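model-v2.cif, holding mmCIF, C-alpha atoms and all ligand atoms:
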data_final
#
loop_
_atom_site.label_atom_id
_atom_site.label_comp_id
_atom_site.auth_asym_id
_atom_site.auth_seq_id
_atom_site.Cartn_x
_atom_site.Cartn_y
_atom_site.Cartn_z
CA MET A 12 58.59 171.33 -57.14
CA VAL A 13 56.76 174.03 -59.06
CA SER A 14 55.27 176.66 -56.80
CA HIS A 15 52.28 178.72 -57.80
CA THR A 16 50.88 182.02 -56.64
CA LEU A 17 47.47 183.59 -56.74
CA ALA A 18 48.61 185.49 -59.84
CA ASP A 19 49.10 182.12 -61.60
CA LEU A 20 45.67 180.97 -60.46
CA ARG A 21 44.10 184.17 -61.78
CA ARG A 22 45.76 183.61 -65.15
CA ALA A 23 44.44 180.03 -65.23
CA THR A 24 40.89 181.00 -64.29
CA HIS A 25 40.94 183.82 -66.83
CA GLU A 26 42.00 181.38 -69.54
CA LEU A 27 39.28 178.86 -68.63
CA TRP A 28 36.54 181.37 -67.88
CA PRO A 29 37.43 184.72 -69.49
CA GLU A 30 36.05 187.48 -67.31
CA ASP A 31 35.05 189.63 -70.27
CA THR A 32 32.51 186.96 -71.32
CA ALA A 33 30.48 187.47 -68.14
CA GLU A 34 27.11 189.22 -68.41
CA SER A 35 27.30 192.99 -67.88
CA TRP A 36 25.36 192.82 -64.57
CA ASP A 37 27.63 190.13 -63.16
CA GLN A 38 30.59 190.49 -60.76
CA VAL A 39 33.25 187.87 -61.42
CA GLY A 40 36.95 187.41 -60.65
CA LEU A 41 38.96 188.04 -57.51
CA VAL A 42 37.08 189.02 -54.35
CA THR A 43 39.75 188.62 -51.67
CA GLY A 44 43.44 187.72 -51.84
CA ARG A 45 46.94 188.97 -52.56
CA GLU A 46 48.57 188.22 -55.92
CA ASP A 47 51.87 186.97 -54.45
CA ALA A 48 50.22 184.58 -51.99
CA PRO A 49 51.24 180.94 -52.48
CA ILE A 50 48.60 178.56 -53.88
CA ARG A 51 48.89 174.90 -52.87
CA ARG A 52 45.26 173.94 -52.34
CA ILE A 53 42.13 175.11 -54.17
CA MET A 54 38.54 174.25 -53.30
CA LEU A 55 35.60 174.64 -55.68
CA ALA A 56 31.97 175.13 -54.66
CA VAL A 57 28.74 176.47 -56.11
CA ASP A 58 28.14 178.94 -53.26
CA ALA A 59 30.30 181.10 -51.00
CA VAL A 60 28.46 180.42 -47.74
CA ALA A 61 29.54 179.60 -44.19
CA ALA A 62 29.49 175.83 -44.84
CA THR A 63 31.79 175.92 -47.87
CA ILE A 64 34.09 178.60 -46.45
CA ASP A 65 34.46 176.63 -43.19
CA GLU A 66 35.24 173.52 -45.23
CA ALA A 67 37.85 175.38 -47.31
CA LEU A 68 39.49 176.89 -44.22
CA SER A 69 39.58 173.63 -42.28
CA TRP A 70 41.30 171.98 -45.27
CA ASN A 71 43.77 174.92 -45.31
CA ALA A 72 42.76 175.90 -48.82
CA ASP A 73 44.65 178.86 -50.23
CA ALA A 74 41.80 179.72 -52.57
CA LEU A 75 38.09 179.05 -52.85
CA ILE A 76 36.50 179.33 -56.29
CA THR A 77 32.72 179.63 -56.25
CA HIS A 78 30.22 179.80 -59.07
CA HIS A 79 28.00 182.36 -57.36
CA PRO A 80 29.57 185.72 -56.48
CA LEU A 81 29.45 186.49 -52.73
CA LEU A 82 29.41 190.20 -53.58
CA LEU A 83 27.04 190.80 -56.50
CA ARG A 84 25.23 193.93 -55.35
CA GLY A 85 26.80 196.82 -53.48
CA ILE A 86 27.50 196.39 -49.80
CA HIS A 87 28.62 199.26 -47.59
CA SER A 88 30.12 197.46 -44.62
CA VAL A 89 32.14 194.37 -43.86
CA ALA A 90 31.24 194.52 -40.16
CA GLU A 91 31.12 190.99 -38.81
CA ASP A 92 27.60 191.16 -37.46
CA LYS A 93 26.43 190.72 -41.05
CA PHE A 94 27.07 187.40 -42.75
CA LYS A 95 28.92 188.76 -45.77
CA GLY A 96 31.32 190.79 -43.61
CA SER A 97 31.84 187.79 -41.38
CA LEU A 98 32.60 185.51 -44.35
CA ILE A 99 35.00 188.02 -45.93
CA ALA A 100 36.81 188.43 -42.59
CA SER A 101 37.11 184.65 -42.15
CA LEU A 102 38.61 184.28 -45.62
CA ILE A 103 41.15 187.07 -45.09
CA ARG A 104 42.15 185.83 -41.62
CA GLY A 105 42.46 182.32 -43.00
CA ASN A 106 44.66 183.47 -45.94
CA CYS A 107 42.13 182.04 -48.38
CA ALA A 108 41.52 183.94 -51.61
CA LEU A 109 38.00 184.01 -53.06
CA ILE A 110 37.33 183.98 -56.80
CA ALA A 111 33.93 183.96 -58.54
CA ALA A 112 33.44 182.30 -61.95
CA HIS A 113 29.76 182.85 -62.69
CA THR A 114 28.22 183.70 -66.08
CA ASN A 115 31.73 183.48 -67.57
CA ALA A 116 31.70 179.80 -66.50
CA ASP A 117 28.16 179.17 -67.76
CA GLN A 118 28.89 179.68 -71.41
CA PRO A 119 32.07 177.88 -72.61
CA VAL A 120 32.57 174.31 -73.75
CA GLY A 121 32.92 172.45 -70.41
CA GLY A 122 30.83 175.18 -68.75
CA VAL A 123 27.77 174.67 -66.59
CA SER A 124 25.13 174.11 -69.31
CA ASP A 125 27.52 172.14 -71.53
CA VAL A 126 28.32 169.71 -68.70
CA ILE A 127 24.63 169.12 -67.95
CA ALA A 128 24.00 168.41 -71.65
CA HIS A 129 26.80 165.83 -71.71
CA ARG A 130 25.74 164.19 -68.47
CA ILE A 131 22.23 163.53 -69.78
CA GLY A 132 23.51 162.19 -73.08
CA ILE A 133 22.61 164.99 -75.48
CA GLU A 134 24.46 164.66 -78.74
CA ARG A 135 25.99 167.62 -80.59
CA ALA A 136 24.76 170.12 -78.00
CA ARG A 137 25.01 173.70 -79.22
CA PRO A 138 24.40 176.97 -77.38
CA ILE A 139 20.86 178.36 -77.46
CA VAL A 140 22.29 181.89 -77.61
CA PRO A 141 25.80 181.58 -79.14
CA LEU A 142 28.43 184.25 -78.50
CA PRO A 143 28.81 186.27 -81.74
CA ASP A 144 32.59 185.91 -81.88
CA ASN A 145 32.74 182.33 -80.54
CA PRO A 146 29.64 180.36 -81.53
CA SER A 147 30.66 177.15 -79.71
CA SER A 148 30.19 179.10 -76.46
CA GLY A 149 27.06 180.79 -75.26
CA LEU A 150 23.96 180.63 -73.10
CA GLY A 151 22.20 177.29 -72.54
CA ARG A 152 22.41 174.19 -74.72
CA VAL A 153 20.06 172.42 -77.13
CA GLY A 154 20.46 169.07 -78.83
CA ASP A 155 18.94 165.64 -79.33
CA LEU A 156 18.85 162.49 -77.23
CA PRO A 157 20.25 159.44 -79.07
CA GLN A 158 16.86 157.76 -78.62
CA THR A 159 13.39 159.04 -77.98
CA ARG A 160 12.11 158.36 -74.46
CA THR A 161 9.06 159.37 -72.47
CA LEU A 162 9.05 162.53 -70.40
CA ARG A 163 8.63 160.44 -67.27
CA SER A 164 11.61 158.18 -67.92
CA PHE A 165 13.67 161.18 -69.03
CA ALA A 166 12.88 163.01 -65.78
CA GLU A 167 13.76 159.89 -63.77
CA MET A 168 17.11 159.65 -65.56
CA LEU A 169 17.76 163.35 -64.87
CA ALA A 170 17.00 162.83 -61.17
CA GLU A 171 19.63 160.08 -61.08
CA VAL A 172 22.26 162.31 -62.71
CA LEU A 173 21.64 165.18 -60.27
CA PRO A 174 22.64 165.03 -56.60
CA THR A 175 19.66 164.45 -54.30
CA THR A 176 17.87 167.53 -52.98
CA ALA A 177 14.75 168.07 -50.90
CA GLY A 178 12.80 169.44 -53.86
CA GLY A 179 13.82 166.75 -56.32
CA VAL A 180 12.82 167.24 -59.95
CA ARG A 181 9.48 168.90 -60.80
CA VAL A 182 7.87 168.20 -64.14
CA ALA A 183 5.09 170.00 -66.04
CA GLY A 184 3.74 167.96 -68.92
CA ASP A 185 2.33 164.62 -70.01
CA GLY A 186 4.52 161.83 -68.59
CA ALA A 187 3.90 159.78 -71.74
CA ARG A 188 5.08 162.54 -74.09
CA GLU A 189 7.93 161.44 -76.38
CA ILE A 190 11.14 163.43 -75.79
CA LYS A 191 13.89 163.78 -78.36
CA ARG A 192 15.01 167.43 -78.52
CA VAL A 193 16.19 168.85 -75.18
CA ALA A 194 16.89 172.49 -74.34
CA LEU A 195 18.43 173.45 -71.00
CA LEU A 196 19.93 176.29 -69.04
CA GLY A 197 21.80 175.67 -65.77
CA GLY A 198 20.69 178.09 -63.05
CA ALA A 199 17.66 180.36 -63.35
CA GLY A 200 16.40 180.14 -66.92
CA ASP A 201 12.96 181.68 -67.36
CA SER A 202 14.56 184.35 -69.59
CA LEU A 203 14.79 181.78 -72.41
CA LEU A 204 11.23 180.37 -72.14
CA SER A 205 10.11 182.07 -75.35
CA HIS A 206 13.35 181.59 -77.31
CA PRO A 207 12.56 179.84 -80.64
CA ASP A 208 15.03 176.99 -79.90
CA VAL A 209 13.37 176.40 -76.53
CA VAL A 210 9.85 176.59 -77.99
CA ALA A 211 10.87 174.05 -80.67
CA ALA A 212 12.28 171.59 -78.09
CA ASP A 213 10.32 168.71 -76.53
CA VAL A 214 11.48 169.62 -73.03
CA TYR A 215 13.18 172.58 -71.35
CA ILE A 216 15.22 171.96 -68.19
CA THR A 217 16.10 174.86 -65.92
CA SER A 218 15.78 176.08 -62.31
CA ASP A 219 13.81 178.58 -60.26
CA LEU A 220 10.77 178.56 -62.57
CA ARG A 221 8.09 180.77 -61.04
CA HIS A 222 4.32 180.32 -61.33
CA HIS A 223 3.54 182.97 -63.94
CA PRO A 224 6.36 182.42 -66.45
CA ALA A 225 5.87 178.65 -66.25
CA GLN A 226 2.10 178.83 -66.57
CA GLU A 227 2.23 181.29 -69.48
CA ALA A 228 4.74 179.12 -71.35
CA LEU A 229 2.52 176.06 -70.88
CA GLU A 230 -0.61 177.93 -71.96
CA GLN A 231 1.16 179.13 -75.10
CA SER A 232 2.39 175.56 -75.75
CA ALA A 233 -1.21 174.34 -75.70
CA VAL A 234 -2.04 176.86 -78.44
CA SER A 235 0.97 176.65 -80.73
CA GLY A 236 3.25 173.91 -79.40
CA GLY A 237 6.10 174.09 -76.96
CA PRO A 238 8.20 172.10 -74.54
CA ALA A 239 7.35 170.27 -71.36
CA LEU A 240 9.11 171.96 -68.43
CA ILE A 241 11.46 170.43 -65.88
CA ASP A 242 12.41 172.52 -62.86
CA VAL A 243 15.46 171.25 -60.97
CA SER A 244 17.40 172.49 -57.94
CA HIS A 245 19.54 175.46 -58.93
CA TRP A 246 22.41 174.20 -56.79
CA ALA A 247 22.12 170.63 -58.09
CA SER A 248 22.21 171.64 -61.75
CA GLU A 249 25.24 173.84 -61.27
CA SER A 250 27.09 171.41 -59.01
CA LEU A 251 27.63 169.09 -62.00
CA TRP A 252 30.14 171.63 -63.34
CA LEU A 253 32.52 171.38 -60.37
CA ASP A 254 34.32 168.09 -61.09
CA GLY A 255 35.25 169.01 -64.64
CA ALA A 256 36.28 172.51 -63.56
CA ALA A 257 38.56 170.97 -60.91
CA ASP A 258 40.15 168.72 -63.54
CA MET A 259 40.76 171.65 -65.90
CA LEU A 260 42.36 173.69 -63.10
CA SER A 261 44.57 170.77 -62.06
CA ALA A 262 45.82 170.48 -65.63
CA GLN A 263 46.65 174.21 -65.66
CA LEU A 264 48.37 174.20 -62.27
CA PRO A 265 50.36 170.98 -61.85
CA GLY A 266 51.23 170.18 -58.25
CA VAL A 267 48.29 172.14 -56.82
CA GLU A 268 45.69 170.06 -54.95
CA VAL A 269 42.20 170.82 -56.22
CA ARG A 270 39.15 169.53 -54.40
CA VAL A 271 35.38 169.92 -54.84
CA SER A 272 33.38 170.89 -51.76
CA THR A 273 31.30 168.07 -50.31
CA ARG A 274 28.73 170.48 -48.83
CA ARG A 275 25.24 170.57 -50.31
CA THR A 276 24.24 174.21 -50.44
CA ASP A 277 20.74 173.78 -51.82
CA PRO A 278 18.78 175.96 -49.36
CA TRP A 279 15.84 173.58 -48.84
CA SER A 280 15.72 170.91 -46.12
CA PHE A 281 12.56 168.88 -46.63
CA VAL A 282 9.20 168.79 -48.38
CA VAL A 283 5.79 167.82 -47.05
CA GLY A 284 2.56 167.35 -48.93
CA ALA A 285 4.11 166.64 -52.34
CA GLY A 286 2.42 164.22 -54.67
CA VAL A 287 1.89 163.37 -58.30
CA ILE A 288 -0.73 165.70 -59.82
CA ASP A 289 -0.84 164.20 -63.29
CA THR A 290 -3.79 165.21 -65.37
CA SER A 291 -2.49 163.83 -68.64
CA ASP A 292 -1.25 160.26 -68.19
CA GLY A 293 -3.55 157.55 -69.41
CA GLN A 294 -6.05 159.78 -71.14
ZN ZN B 1 23.44 179.94 -60.46
#

I need this file expressed as structure tokens, please.
Amino acid sequence: MVSHTLADLRRATHELWPEDTAESWDQVGLVTGREDAPIRRIMLAVDAVAATIDEALSWNADALITHHPLLLRGIHSVAEDKFKGSLIASLIRGNCALIAAHTNADQPVGGVSDVIAHRIGIERARPIVPLPDNPSSGLGRVGDLPQTRTLRSFAEMLAEVLPTTAGGVRVAGDGAREIKRVALLGGAGDSLLSHPDVVAADVYITSDLRHHPAQEALEQSAVSGGPALIDVSHWASESLWLDGAADMLSAQLPGVEVRVSTRRTDPWSFVVGAGVIDTSDGQ
């Protein structure tokens, strides 16, 4: 039987999600672990939080790969009365390495945005912001649906593709609007709201849209045209990447068991007072 070490896993993750393609502010790659440690079981999750780390440790995972880095900004203590110190200590005591594949996993073919595009049936999806030296990779995706459909039925289809969350799928726009061209960015995407490919789309799907950027984009759309907006759970949109990532890792490391976390790490629990505030339908 082939045996693998953390060094092999690092080579595999670097091949799939090259660390030098991460954004300059990002912190990706190995967080805890020893290169010669054996790797028999790998778990993948969106977030490195108590729920996913407990799940990895109780399955005796040798490595946990998360999309979001546990350590993004500087910390000055790993004392265990703070949650990050406590999580790091649990991983080290449990002999479980931690690896982050964040913006380096957003951009490639098979990356976070690419997977979302495929799952909602976009044809010939291309990056909104291609990498200069590798134009099939890059930030976000834009492409066309095979058939035009209304914004309402498109949003309903999207809600079925995504795992259920308390916040569901929020839509800004006329439910009867015809949708053909779709732009999207997995994770927080207000940075692309004024990108020409987003402005030229019929709908833009992303997460964490705040009041002012969303309102300003919609106001500008009313003047000169622009997309309807769909705001989805950040965790839900990125969770779609995990299954394909697990398959790619399995192919790279035969004999290693790779499993996707079953924990839902969307932070919200429930919603009250929500309702349809539709000022456009039927006018
Ligand atoms: Zn994210």

Inset, instruction - Grab me every residue within 12 Å of ligand ZN 1 (chain B), counting all atoms listed in the file, and send it over as a ChimeraX atom specification. - result: /A:37,56-59,77-81,111-117,123-124,196-200,217-219,243-252,276-277

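Using only C-alpha atoms, the shortest contact distance between Trp70 (chain A) and any of A:Thr24, A:Ser88, A:Asn106, A:Gln226 is found at A:Asn106.
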
I want to know what sits within 12 Å of Met168 (chain A), based on only C-alpha atoms, with residues of the same chain fewer than 6 positions away left out; could you give that as a short mmCIF file (atom, residue, chain, number, x, y, z; two decimals) with C-alpha atoms, keeping the file's coordinate frame?
data_model
loop_
_atom_site.label_atom_id
_atom_site.label_comp_id
_atom_site.auth_asym_id
_atom_site.auth_seq_id
_atom_site.Cartn_x
_atom_site.Cartn_y
_atom_site.Cartn_z
CA ARG A 130 25.74 164.19 -68.47
CA ILE A 131 22.23 163.53 -69.78
CA GLY A 132 23.51 162.19 -73.08
CA ARG A 160 12.11 158.36 -74.46
CA THR A 161 9.06 159.37 -72.47
CA LEU A 162 9.05 162.53 -70.40
CA PRO A 174 22.64 165.03 -56.60
CA VAL A 180 12.82 167.24 -59.95
#

Legend entry - For CA of Ser147 (chain A) and CA of Ile110 (chain A), the interatomic separation in Å (one decimal): 24.8 Å

Legend entry - Straight-line distance linking CA of Ile64 (chain A) with CA of Leu98 (chain A), stated in Å to one decimal: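 Straight-line distance from CA of Ile64 (chain A) to CA of Leu98 (chain A) works out to 7.4 Å.
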
Inset, instruction - Pick out the residues sitting within 12 Å of Asp19 (chain A), and hand them over as a list in words; count all atoms listed in the file, and ignore anything fewer than 5 positions along from it in its own chain. - result: Val13, Ser14, Thr24, His25, Glu26, Arg45, Glu46, Asp47, Ala48, Pro49, Ile50, Arg51, Ala74, Leu260, Gln263, Leu264, Pro265 and Val267 of chain A

Legend entry - Interatomic distance, CA of Arg192 (chain A) to CA of Leu220 (chain A) (Å, one decimal):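 CA of Leu220 (chain A) lies at a distance of 19.9 Å from CA of Arg192 (chain A).
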
Got a sec: who's within 8 Å of Arg52 (chain A), counting all atoms listed in the file, leaving out chain neighbours fewer than 2 positions off, as a JSON list (two decimals) with C-alpha atoms, in the frame of the given file?
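Resulting contents of part-v2.json:
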[["chain", "number", "residue", "atom", "x", "y", "z"],
["A", 50, "ILE", "CA", 48.60, 178.56, -53.88],
["A", 54, "MET", "CA", 38.54, 174.25, -53.30],
["A", 71, "ASN", "CA", 43.77, 174.92, -45.31],
["A", 72, "ALA", "CA", 42.76, 175.90, -48.82],
["A", 73, "ASP", "CA", 44.65, 178.86, -50.23],
["A", 74, "ALA", "CA", 41.80, 179.72, -52.57],
["A", 267, "VAL", "CA", 48.29, 172.14, -56.82],
["A", 268, "GLU", "CA", 45.69, 170.06, -54.95],
["A", 269, "VAL", "CA", 42.20, 170.82, -56.22],
["A", 270, "ARG", "CA", 39.15, 169.53, -54.40]]

Legend entry - Spatial neighbours of region 139-145 of chain A, 8 Å, only C-alpha atoms, chain gap at least 4 places, as a list of chain:residue names: A:Gly149, A:Leu150, A:Gly151, A:Arg152, A:Val153, A:Ala194, A:Asp208, A:Val209

Centre, x/y/z edge lengths, axis-aligned box for region 146-165 of chain A with 8 Å per side, as lines of an AutoDock Vina configuration file:
center_x = 19.6
center_y = 169.3
center_z = -74.4
size_x = 38.0
size_y = 39.0
size_z = 30.3

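The protein and nucleic acid residues lying at most 9 Å from Val271 (chain A) are A:Ile53, A:Met54, A:Leu55, A:Ala56, A:Leu253, A:Asp254, A:Ala257, with only C-alpha atoms considered and sequence neighbours fewer than 6 positions away removed.
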
Just C-alpha atoms for this one: save the residues we selected as a PDB file, in the frame of the given file.
ATOM      1  CA  ILE A  53      42.130 175.110 -54.170  1.00  0.00           C
ATOM      2  CA  MET A  54      38.540 174.250 -53.300  1.00  0.00           C
ATOM      3  CA  LEU A  55      35.600 174.640 -55.680  1.00  0.00           C
ATOM      4  CA  ALA A  56      31.970 175.130 -54.660  1.00  0.00           C
ATOM      5  CA  LEU A 253      32.520 171.380 -60.370  1.00  0.00           C
ATOM      6  CA  ASP A 254      34.320 168.090 -61.090  1.00  0.00           C
ATOM      7  CA  ALA A 257      38.560 170.970 -60.910  1.00  0.00           C
TER       8      ALA A 257
END

Inset, instruction - Name the closest residue to Thr16 (chain A) among the candidates A:Gly266, A:Gly85, A:Pro119, A:Gly286; distances are taken between atoms, counting all atoms listed in the file. - result: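 Checking each of A:Gly266, A:Gly85, A:Pro119, A:Gly286 against Thr16 (chain A), counting all atoms listed in the file, the winner is A:Gly266.
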
Inset, instruction - Go through A:Ser261, A:Ser148, A:Thr176, A:Thr63 and flag the residue nearest Pro278 (chain A), using all atoms listed in the file for the distances. - result: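 Closest residue, counting all atoms listed in the file: A:Thr176.
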
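Residue nearest Glu134 (chain A), chosen from A:Lys191, A:Ile241, A:Leu169, A:Ile86 and counting all atoms listed in the file: A:Lys191.
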
Legend entry - Counting all atoms listed in the file, the option among A:Val283, A:Ala183, A:Ala256, A:Ile190 closest to Leu156 (chain A):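 Distance minimum relative to Leu156 (chain A) lands on A:Ile190.
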
Is it possible to add all heavy atoms to region 177-187 of chain A and hand it back as a tab-separated table (two decimals), in the frame of the given file?
chain	number	residue	atom	x	y	z
A	177	ALA	N	16.08	168.19	-51.50
A	177	ALA	CA	14.75	168.07	-50.90
A	177	ALA	C	13.66	168.24	-51.95
A	177	ALA	O	12.64	167.54	-51.92
A	177	ALA	CB	14.58	169.10	-49.79
A	178	GLY	N	13.86	169.16	-52.87
A	178	GLY	CA	12.80	169.44	-53.86
A	178	GLY	C	12.74	168.47	-55.01
A	178	GLY	O	11.74	168.41	-55.72
A	179	GLY	N	13.81	167.71	-55.22
A	179	GLY	CA	13.82	166.75	-56.32
A	179	GLY	C	13.67	167.45	-57.67
A	179	GLY	O	14.17	168.55	-57.88
A	180	VAL	N	12.99	166.77	-58.57
A	180	VAL	CA	12.82	167.24	-59.95
A	180	VAL	C	11.32	167.43	-60.19
A	180	VAL	O	10.55	166.48	-60.03
A	180	VAL	CB	13.42	166.20	-60.93
A	180	VAL	CG1	13.02	166.49	-62.36
A	180	VAL	CG2	14.94	166.15	-60.79
A	181	ARG	N	10.90	168.63	-60.55
A	181	ARG	CA	9.48	168.90	-60.80
A	181	ARG	C	9.22	168.96	-62.30
A	181	ARG	O	9.99	169.57	-63.03
A	181	ARG	CB	9.06	170.23	-60.19
A	181	ARG	CG	9.14	170.25	-58.68
A	181	ARG	CD	8.45	171.48	-58.11
A	181	ARG	NE	9.08	172.72	-58.58
A	181	ARG	CZ	8.60	173.93	-58.35
A	181	ARG	NH1	7.46	174.07	-57.69
A	181	ARG	NH2	9.23	175.01	-58.79
A	182	VAL	N	8.14	168.32	-62.70
A	182	VAL	CA	7.87	168.20	-64.14
A	182	VAL	C	6.48	168.76	-64.46
A	182	VAL	O	5.53	168.48	-63.74
A	182	VAL	CB	7.94	166.72	-64.59
A	182	VAL	CG1	7.76	166.61	-66.09
A	182	VAL	CG2	9.25	166.09	-64.15
A	183	ALA	N	6.38	169.53	-65.52
A	183	ALA	CA	5.09	170.00	-66.04
A	183	ALA	C	4.93	169.44	-67.45
A	183	ALA	O	5.69	169.79	-68.35
A	183	ALA	CB	5.05	171.52	-66.08
A	184	GLY	N	3.96	168.54	-67.59
A	184	GLY	CA	3.74	167.96	-68.92
A	184	GLY	C	3.20	166.55	-68.81
A	184	GLY	O	3.10	165.99	-67.71
A	185	ASP	N	2.88	165.98	-69.93
A	185	ASP	CA	2.33	164.62	-70.01
A	185	ASP	C	3.47	163.62	-69.88
A	185	ASP	O	4.39	163.61	-70.72
A	185	ASP	CB	1.63	164.50	-71.37
A	185	ASP	CG	1.04	163.12	-71.60
A	185	ASP	OD1	1.34	162.19	-70.81
A	185	ASP	OD2	0.30	162.96	-72.58
A	186	GLY	N	3.45	162.79	-68.83
A	186	GLY	CA	4.52	161.83	-68.59
A	186	GLY	C	4.77	160.89	-69.76
A	186	GLY	O	5.86	160.36	-69.91
A	187	ALA	N	3.76	160.70	-70.60
A	187	ALA	CA	3.90	159.78	-71.74
A	187	ALA	C	4.42	160.47	-72.99
A	187	ALA	O	4.67	159.82	-74.01
A	187	ALA	CB	2.54	159.12	-72.03
